[in-house]
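One file, coords-v7.cif, is given below (mmCIF, C-alpha atoms and all ligand atoms).
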data_coords
loop_
_atom_site.group_PDB
_atom_site.id
_atom_site.type_symbol
_atom_site.label_atom_id
_atom_site.label_comp_id
_atom_site.auth_asym_id
_atom_site.auth_seq_id
_atom_site.Cartn_x
_atom_site.Cartn_y
_atom_site.Cartn_z
ATOM 1 C CA MET A 1 201.095 -0.526 197.520
ATOM 2 C CA LYS A 2 201.791 3.107 198.313
ATOM 3 C CA ILE A 3 203.336 5.954 196.391
ATOM 4 C CA LEU A 4 205.637 8.128 198.472
ATOM 5 C CA CYS A 5 206.509 11.541 197.126
ATOM 6 C CA ILE A 6 209.251 13.916 198.161
ATOM 7 C CA GLY A 7 208.628 17.643 197.885
ATOM 8 C CA MET A 8 211.077 20.517 197.680
ATOM 9 C CA ASN A 9 214.216 18.536 196.900
ATOM 10 C CA TYR A 10 215.933 20.732 194.264
ATOM 11 C CA HIS A 11 217.239 24.246 194.988
ATOM 12 C CA ALA A 12 216.243 25.759 191.640
ATOM 13 C CA HIS A 13 212.668 24.474 191.998
ATOM 14 C CA LEU A 14 212.412 25.922 195.528
ATOM 15 C CA ALA A 15 213.487 29.281 194.153
ATOM 16 C CA GLU A 16 210.860 29.248 191.383
ATOM 17 C CA LEU A 17 208.081 28.537 193.915
ATOM 18 C CA ASN A 18 209.556 30.905 196.530
ATOM 19 C CA ASN A 19 209.968 28.173 199.149
ATOM 20 C CA PRO A 20 212.679 28.027 201.828
ATOM 21 C CA VAL A 21 215.176 25.117 201.837
ATOM 22 C CA PRO A 22 213.772 22.388 204.123
ATOM 23 C CA GLU A 23 215.891 21.111 207.018
ATOM 24 C CA GLN A 24 214.427 17.616 206.688
ATOM 25 C CA PRO A 25 212.938 15.853 203.663
ATOM 26 C CA VAL A 26 209.276 16.698 203.049
ATOM 27 C CA PHE A 27 207.090 13.775 202.071
ATOM 28 C CA PHE A 28 203.480 13.080 201.181
ATOM 29 C CA MET A 29 201.649 10.212 199.486
ATOM 30 C CA LYS A 30 199.506 9.499 196.483
ATOM 31 C CA PRO A 31 197.037 6.592 196.338
ATOM 32 C CA GLU A 32 197.327 3.726 193.857
ATOM 33 C CA SER A 33 194.520 5.349 191.823
ATOM 34 C CA ALA A 34 197.008 8.102 190.905
ATOM 35 C CA LEU A 35 198.746 5.697 188.503
ATOM 36 C CA ILE A 36 197.836 5.661 184.806
ATOM 37 C CA ARG A 37 197.969 2.394 182.903
ATOM 38 C CA ALA A 38 200.504 2.400 180.057
ATOM 39 C CA GLY A 39 199.143 3.950 176.886
ATOM 40 C CA LEU A 40 196.203 5.697 178.563
ATOM 41 C CA PRO A 41 195.932 9.506 178.660
ATOM 42 C CA PHE A 42 195.878 11.891 181.609
ATOM 43 C CA PHE A 43 192.399 13.357 181.933
ATOM 44 C CA TYR A 44 192.520 17.010 182.961
ATOM 45 C CA PRO A 45 190.427 17.315 186.147
ATOM 46 C CA ASP A 46 187.554 19.800 186.136
ATOM 47 C CA PHE A 47 188.296 21.069 189.678
ATOM 48 C CA SER A 48 191.517 22.824 188.681
ATOM 49 C CA LYS A 49 192.458 25.531 186.211
ATOM 50 C CA GLU A 50 196.208 25.216 186.790
ATOM 51 C CA VAL A 51 197.531 21.663 186.621
ATOM 52 C CA HIS A 52 201.335 21.581 186.472
ATOM 53 C CA TYR A 53 203.703 18.824 185.333
ATOM 54 C CA GLU A 54 206.635 17.881 187.608
ATOM 55 C CA VAL A 55 208.978 15.260 186.161
ATOM 56 C CA GLU A 56 210.733 13.145 188.788
ATOM 57 C CA LEU A 57 212.981 10.135 189.209
ATOM 58 C CA VAL A 58 211.008 7.277 190.772
ATOM 59 C CA LEU A 59 212.495 4.425 192.801
ATOM 60 C CA ARG A 60 210.828 1.047 193.202
ATOM 61 C CA ILE A 61 211.277 -0.425 196.684
ATOM 62 C CA SER A 62 212.572 -3.991 196.498
ATOM 63 C CA LYS A 63 212.185 -5.234 200.081
ATOM 64 C CA VAL A 64 210.435 -4.549 203.347
ATOM 65 C CA GLY A 65 212.174 -2.122 205.686
ATOM 66 C CA LYS A 66 211.647 0.086 208.709
ATOM 67 C CA HIS A 67 214.136 2.373 210.471
ATOM 68 C CA ILE A 68 216.574 1.771 207.612
ATOM 69 C CA GLN A 69 220.040 3.157 208.239
ATOM 70 C CA GLU A 70 221.387 5.389 205.521
ATOM 71 C CA ARG A 71 224.373 3.138 204.866
ATOM 72 C CA PHE A 72 222.067 0.163 204.136
ATOM 73 C CA ALA A 73 219.426 2.160 202.213
ATOM 74 C CA HIS A 74 220.917 1.344 198.797
ATOM 75 C CA THR A 75 219.971 -2.332 199.290
ATOM 76 C CA TYR A 76 216.243 -1.397 199.318
ATOM 77 C CA TYR A 77 215.958 -0.329 195.660
ATOM 78 C CA GLN A 78 217.368 -1.841 192.471
ATOM 79 C CA GLU A 79 215.235 -0.178 189.809
ATOM 80 C CA ILE A 80 214.454 3.323 188.665
ATOM 81 C CA GLY A 81 211.986 4.995 186.337
ATOM 82 C CA VAL A 82 210.505 8.422 185.692
ATOM 83 C CA GLY A 83 207.115 9.750 186.690
ATOM 84 C CA ILE A 84 205.086 12.920 186.553
ATOM 85 C CA ASP A 85 203.788 14.381 189.786
ATOM 86 C CA PHE A 86 200.773 16.220 188.379
ATOM 87 C CA THR A 87 199.881 19.033 190.772
ATOM 88 C CA ALA A 88 196.797 21.235 190.862
ATOM 89 C CA ARG A 89 198.852 24.323 191.674
ATOM 90 C CA ASP A 90 195.804 26.525 192.315
ATOM 91 C CA LEU A 91 194.438 24.073 194.912
ATOM 92 C CA GLN A 92 197.886 23.575 196.439
ATOM 93 C CA ARG A 93 198.239 27.329 196.921
ATOM 94 C CA GLU A 94 194.850 27.405 198.626
ATOM 95 C CA CYS A 95 195.753 24.452 200.892
ATOM 96 C CA ARG A 96 199.039 26.090 201.836
ATOM 97 C CA GLN A 97 197.420 29.416 202.656
ATOM 98 C CA LYS A 98 194.889 27.689 204.904
ATOM 99 C CA GLY A 99 197.496 25.349 206.428
ATOM 100 C CA LEU A 100 195.578 22.314 205.119
ATOM 101 C CA PRO A 101 196.934 18.988 203.763
ATOM 102 C CA TRP A 102 197.803 18.803 200.045
ATOM 103 C CA GLU A 103 195.876 15.704 198.974
ATOM 104 C CA MET A 104 193.314 17.583 196.877
ATOM 105 C CA ALA A 105 196.152 19.088 194.868
ATOM 106 C CA LYS A 106 198.422 16.045 194.628
ATOM 107 C CA ALA A 107 196.531 12.762 195.068
ATOM 108 C CA PHE A 108 193.756 12.939 192.503
ATOM 109 C CA ASP A 109 193.090 10.226 189.894
ATOM 110 C CA GLY A 110 195.839 9.988 187.303
ATOM 111 C CA SER A 111 198.103 12.433 189.176
ATOM 112 C CA GLY A 112 201.085 10.079 189.235
ATOM 113 C CA PRO A 113 201.858 8.303 185.948
ATOM 114 C CA VAL A 114 205.026 6.225 186.189
ATOM 115 C CA SER A 115 207.155 4.665 183.442
ATOM 116 C CA LYS A 116 208.434 1.127 183.286
ATOM 117 C CA PHE A 117 211.479 0.543 185.479
ATOM 118 C CA VAL A 118 215.064 -0.222 184.509
ATOM 119 C CA PRO A 119 217.814 -1.715 186.679
ATOM 120 C CA LEU A 120 219.975 0.999 188.227
ATOM 121 C CA GLN A 121 223.020 -1.037 187.300
ATOM 122 C CA SER A 122 222.112 -0.769 183.614
ATOM 123 C CA LEU A 123 222.733 3.014 183.715
ATOM 124 C CA LYS A 124 226.129 4.357 182.757
ATOM 125 C CA ASN A 125 226.514 6.161 186.104
ATOM 126 C CA PRO A 126 223.907 5.224 188.759
ATOM 127 C CA ALA A 127 225.375 7.923 191.039
ATOM 128 C CA ASP A 128 224.589 10.732 188.574
ATOM 129 C CA ILE A 129 221.372 10.156 186.638
ATOM 130 C CA ALA A 130 220.027 12.644 184.123
ATOM 131 C CA PHE A 131 216.324 12.959 183.370
ATOM 132 C CA SER A 132 214.132 15.367 181.458
ATOM 133 C CA LEU A 133 210.689 16.237 180.197
ATOM 134 C CA LYS A 134 209.493 17.452 176.819
ATOM 135 C CA LYS A 135 206.143 19.178 176.313
ATOM 136 C CA ASN A 136 204.887 19.166 172.739
ATOM 137 C CA GLY A 137 208.423 18.309 171.597
ATOM 138 C CA GLU A 138 210.102 21.145 173.515
ATOM 139 C CA LEU A 139 212.477 20.513 176.419
ATOM 140 C CA VAL A 140 210.873 22.013 179.564
ATOM 141 C CA GLN A 141 212.614 20.295 182.499
ATOM 142 C CA GLN A 142 216.053 18.831 182.990
ATOM 143 C CA GLY A 143 217.506 17.390 186.175
ATOM 144 C CA ARG A 144 220.341 15.324 187.606
ATOM 145 C CA SER A 145 220.164 13.149 190.696
ATOM 146 C CA THR A 146 223.337 14.839 191.986
ATOM 147 C CA ASP A 147 221.396 18.114 192.316
ATOM 148 C CA MET A 148 219.008 16.689 194.907
ATOM 149 C CA ILE A 149 219.108 18.333 198.346
ATOM 150 C CA PHE A 150 218.549 14.916 199.996
ATOM 151 C CA ASN A 151 219.885 11.920 198.077
ATOM 152 C CA PHE A 152 218.104 8.579 197.526
ATOM 153 C CA ASN A 153 219.624 6.963 200.620
ATOM 154 C CA GLN A 154 218.816 9.880 202.902
ATOM 155 C CA LEU A 155 215.223 9.869 201.625
ATOM 156 C CA ILE A 156 214.754 6.103 202.090
ATOM 157 C CA SER A 157 216.216 6.254 205.588
ATOM 158 C CA TYR A 158 214.165 9.271 206.647
ATOM 159 C CA VAL A 159 210.807 8.103 205.310
ATOM 160 C CA SER A 160 211.265 4.589 206.761
ATOM 161 C CA ASN A 161 211.326 6.096 210.257
ATOM 162 C CA TYR A 162 207.671 7.022 209.788
ATOM 163 C CA THR A 163 206.243 4.414 207.444
ATOM 164 C CA THR A 164 207.329 0.842 206.718
ATOM 165 C CA LEU A 165 208.547 0.493 203.150
ATOM 166 C CA LYS A 166 207.195 -2.537 201.329
ATOM 167 C CA MET A 167 208.215 -4.356 198.191
ATOM 168 C CA GLY A 168 206.632 -2.612 195.183
ATOM 169 C CA ASP A 169 206.143 0.742 196.876
ATOM 170 C CA LEU A 170 207.208 3.671 194.717
ATOM 171 C CA MET A 171 209.068 6.810 195.693
ATOM 172 C CA PHE A 172 208.933 10.035 193.647
ATOM 173 C CA THR A 173 212.117 11.899 194.581
ATOM 174 C CA GLY A 174 211.303 15.536 193.794
ATOM 175 C CA THR A 175 211.248 17.750 190.734
ATOM 176 C CA PRO A 176 213.909 20.077 189.312
ATOM 177 C CA SER A 177 213.060 23.586 188.063
ATOM 178 C CA GLY A 178 210.977 24.294 184.992
ATOM 179 C CA VAL A 179 207.568 23.157 186.245
ATOM 180 C CA GLY A 180 204.686 24.627 184.306
ATOM 181 C CA PRO A 181 201.091 24.211 183.202
ATOM 182 C CA VAL A 182 199.584 21.558 180.961
ATOM 183 C CA GLN A 183 196.529 21.960 178.800
ATOM 184 C CA ILE A 184 194.160 19.596 177.076
ATOM 185 C CA GLY A 185 195.860 18.455 173.883
ATOM 186 C CA ASP A 186 199.414 18.592 175.281
ATOM 187 C CA HIS A 187 201.854 15.735 174.746
ATOM 188 C CA LEU A 188 204.387 14.931 177.486
ATOM 189 C CA GLU A 189 207.468 12.730 177.067
ATOM 190 C CA ALA A 190 209.744 11.868 179.992
ATOM 191 C CA PHE A 191 213.303 10.633 179.537
ATOM 192 C CA LEU A 192 215.777 8.753 181.706
ATOM 193 C CA GLU A 193 219.199 9.662 180.303
ATOM 194 C CA ASP A 194 218.407 9.679 176.562
ATOM 195 C CA LYS A 195 215.786 6.932 176.681
ATOM 196 C CA LYS A 196 212.114 7.873 176.427
ATOM 197 C CA LEU A 197 210.281 5.913 179.131
ATOM 198 C CA LEU A 198 206.974 7.719 179.432
ATOM 199 C CA ASP A 199 204.608 9.167 176.848
ATOM 200 C CA ILE A 200 201.371 10.805 177.990
ATOM 201 C CA LYS A 201 198.673 12.738 176.202
ATOM 202 C CA VAL A 202 196.502 15.204 178.108
ATOM 203 C CA LYS A 203 192.798 14.836 177.312
HETATM 204 ZN ZN ZN B 301 206.736 16.711 193.006
#

Would you kindly transcribe this structure into structure tokens?
Amino acid sequence: MKILCIGMNYHAHLAELNNPVPEQPVFFMKPESALIRAGLPFFYPDFSKEVHYEVELVLRISKVGKHIQERFAHTYYQEIGVGIDFTARDLQRECRQKGLPWEMAKAFDGSGPVSKFVPLQSLKNPADIAFSLKKNGELVQQGRSTDMIFNFNQLISYVSNYTTLKMGDLMFTGTPSGVGPVQIGDHLEAFLEDKKLLDIKVK
């Protein structure tokens, strides 16, 4: 099982990190060890002083596919959840400056907690999905799938040109604006529409 992640997919988030708008989707991966089992906390890693939360919609791939055409891409996912793409922003900055890969900053243990999944068809409008994140009870991020630069089908199609998608693979689809730091003791709650799907304590 692999965890695909899309970077730089919301205009407002690009602006807050001073990044240009990408011409093609940007993707990277996290290992399976980035997941956190339900109910367990996120342990703040000692190699970073600036871990950020990034709430994202996460698709679960439902069948094997390669070179998927955009018009068929919707048949490769049936379920959606929310996840947090924890990012060691200080290490990411360093990697970027040196032109190095991002894994240190993005793929560490516990860096990708994901909620349970719900059928897309159970949502009131699967074409316009709202999601959000609260930190210590305060709303810090809010997004809508319609604000994505590249939509689900474009992402699935693009990524499948490079890597075969398999049943059970996950795809983080990018974060909206409002990313910020977490500290030991923080409490994060991620919502899909108005339903809380993920609850994580930082330890
Ligand atoms: Zn992200």

(request) Counting only C-alpha atoms and all ligand atoms, figure out which residue out of A:Lys134, A:His67, A:Lys116, A:His52 gets nearest to ligand ZN 301 (chain B). (result)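 The closest residue to ligand ZN 301 (chain B) is A:His52.
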
(request) Please measure the separation of CA of Gly168 in chain A and CA of Leu197 in chain A, giving the value in Å to one decimal. (result) 18.5 Å

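Here the PyMOL selection byres (((chain A and resi 4) around 6) and not hetatm) matches the residues Ile3, Cys5, Met29 and Met171 of chain A.
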
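If one restricts the calculation to only C-alpha atoms and all ligand atoms, the set of residues situated within 8 Å of ligand ZN 301 (chain B) consists of Cys5, Ile6, Gly7, Met8, Glu54, Val55, Glu56, Ile84, Asp85, Phe86, Thr87, Phe172, Thr173, Gly174 and Thr175 of chain A.
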
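In this comparison, which uses all atoms listed in the file, the residue of A:Pro45, A:Pro126, A:Gly83, A:Pro119 approaching Leu188 in chain A most closely is A:Gly83.
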
(request) Could you tell me which residues the PyMOL selection byres (((chain A and resi 102) around 12) and not hetatm) returns for this structure, as an NGL selection string? (result) :A and (5 or 7 or 27-30 or 87-101 or 103-108)

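From CA of Asn19 in chain A back to CA of Leu133 in chain A, the distance works out to 22.4 Å.
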
(message) Nearest residue to Arg37 in chain A out of A:Glu138, A:Glu79, A:Asp109, A:Glu189, using all atoms listed in the file?
(response)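 Using all atoms listed in the file, Arg37 in chain A sits closest to A:Asp109.
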
(message) Here's the selection I'm unsure about, the PyMOL selection byres (((chain A and resi 143) around 6) and not hetatm); applied to the file above, which residues does it give, as a list in words?
(response) Ala130, Phe131, Gln142, Arg144 and Pro176 of chain A

Next, the residues of the selection above should be written as a PDB file, in the frame of the given file with C-alpha atoms.
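Written out: again-v4.pdb:
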ATOM      1  CA  ALA A 130     220.027  12.644 184.123  1.00  0.00           C
ATOM      2  CA  PHE A 131     216.324  12.959 183.370  1.00  0.00           C
ATOM      3  CA  GLN A 142     216.053  18.831 182.990  1.00  0.00           C
ATOM      4  CA  ARG A 144     220.341  15.324 187.606  1.00  0.00           C
ATOM      5  CA  PRO A 176     213.909  20.077 189.312  1.00  0.00           C
TER       6      PRO A 176
END

(request) Can you work out the spacing between CA of Ser160 in chain A and CA of Glu23 in chain A in Å, to one decimal? (result)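 One can read the CA of Ser160 in chain A to CA of Glu23 in chain A distance as 17.2 Å.
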
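The environment of Val114 in chain A within 8 Å, counting only C-alpha atoms and disregarding residues fewer than 4 places along the same chain, consists of Leu35, Ile36, Val58, Gly81, Val82, Gly83, Ile84 and Leu198 of chain A.
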
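Using all atoms listed in the file for every distance, the candidate list A:Lys196, A:Met148, A:Met167, A:Leu155 yields A:Met148 as the residue closest to His13 in chain A.
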
(request) Pick out the closest residue to Asn151 in chain A from this set: A:Arg60, A:Ala127, A:Phe191, A:Ser33. Count all atoms listed in the file. (result)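 Result for the nearest residue to Asn151 in chain A: A:Ala127.
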
(message) So, with only C-alpha atoms as the atoms that count, which of A:Ala190, A:Leu120, A:Val51, A:Ile129 lies closest to Tyr76 in chain A?
(response)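 Of A:Ala190, A:Leu120, A:Val51, A:Ile129, the one nearest Tyr76 in chain A, counting only C-alpha atoms, is A:Leu120.
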
With all atoms listed in the file counted, which protein, DNA or RNA residues have an atom no more than 7 Å from (202.0, 8.7, 177.8) in the file frame? Please answer as a CSV table (one decimal) with C-alpha atoms, in the frame of the given file.
chain,number,residue,atom,x,y,z
A,38,ALA,CA,200.5,2.4,180.1
A,39,GLY,CA,199.1,4.0,176.9
A,40,LEU,CA,196.2,5.7,178.6
A,41,PRO,CA,195.9,9.5,178.7
A,188,LEU,CA,204.4,14.9,177.5
A,189,GLU,CA,207.5,12.7,177.1
A,198,LEU,CA,207.0,7.7,179.4
A,199,ASP,CA,204.6,9.2,176.8
A,200,ILE,CA,201.4,10.8,178.0
A,201,LYS,CA,198.7,12.7,176.2
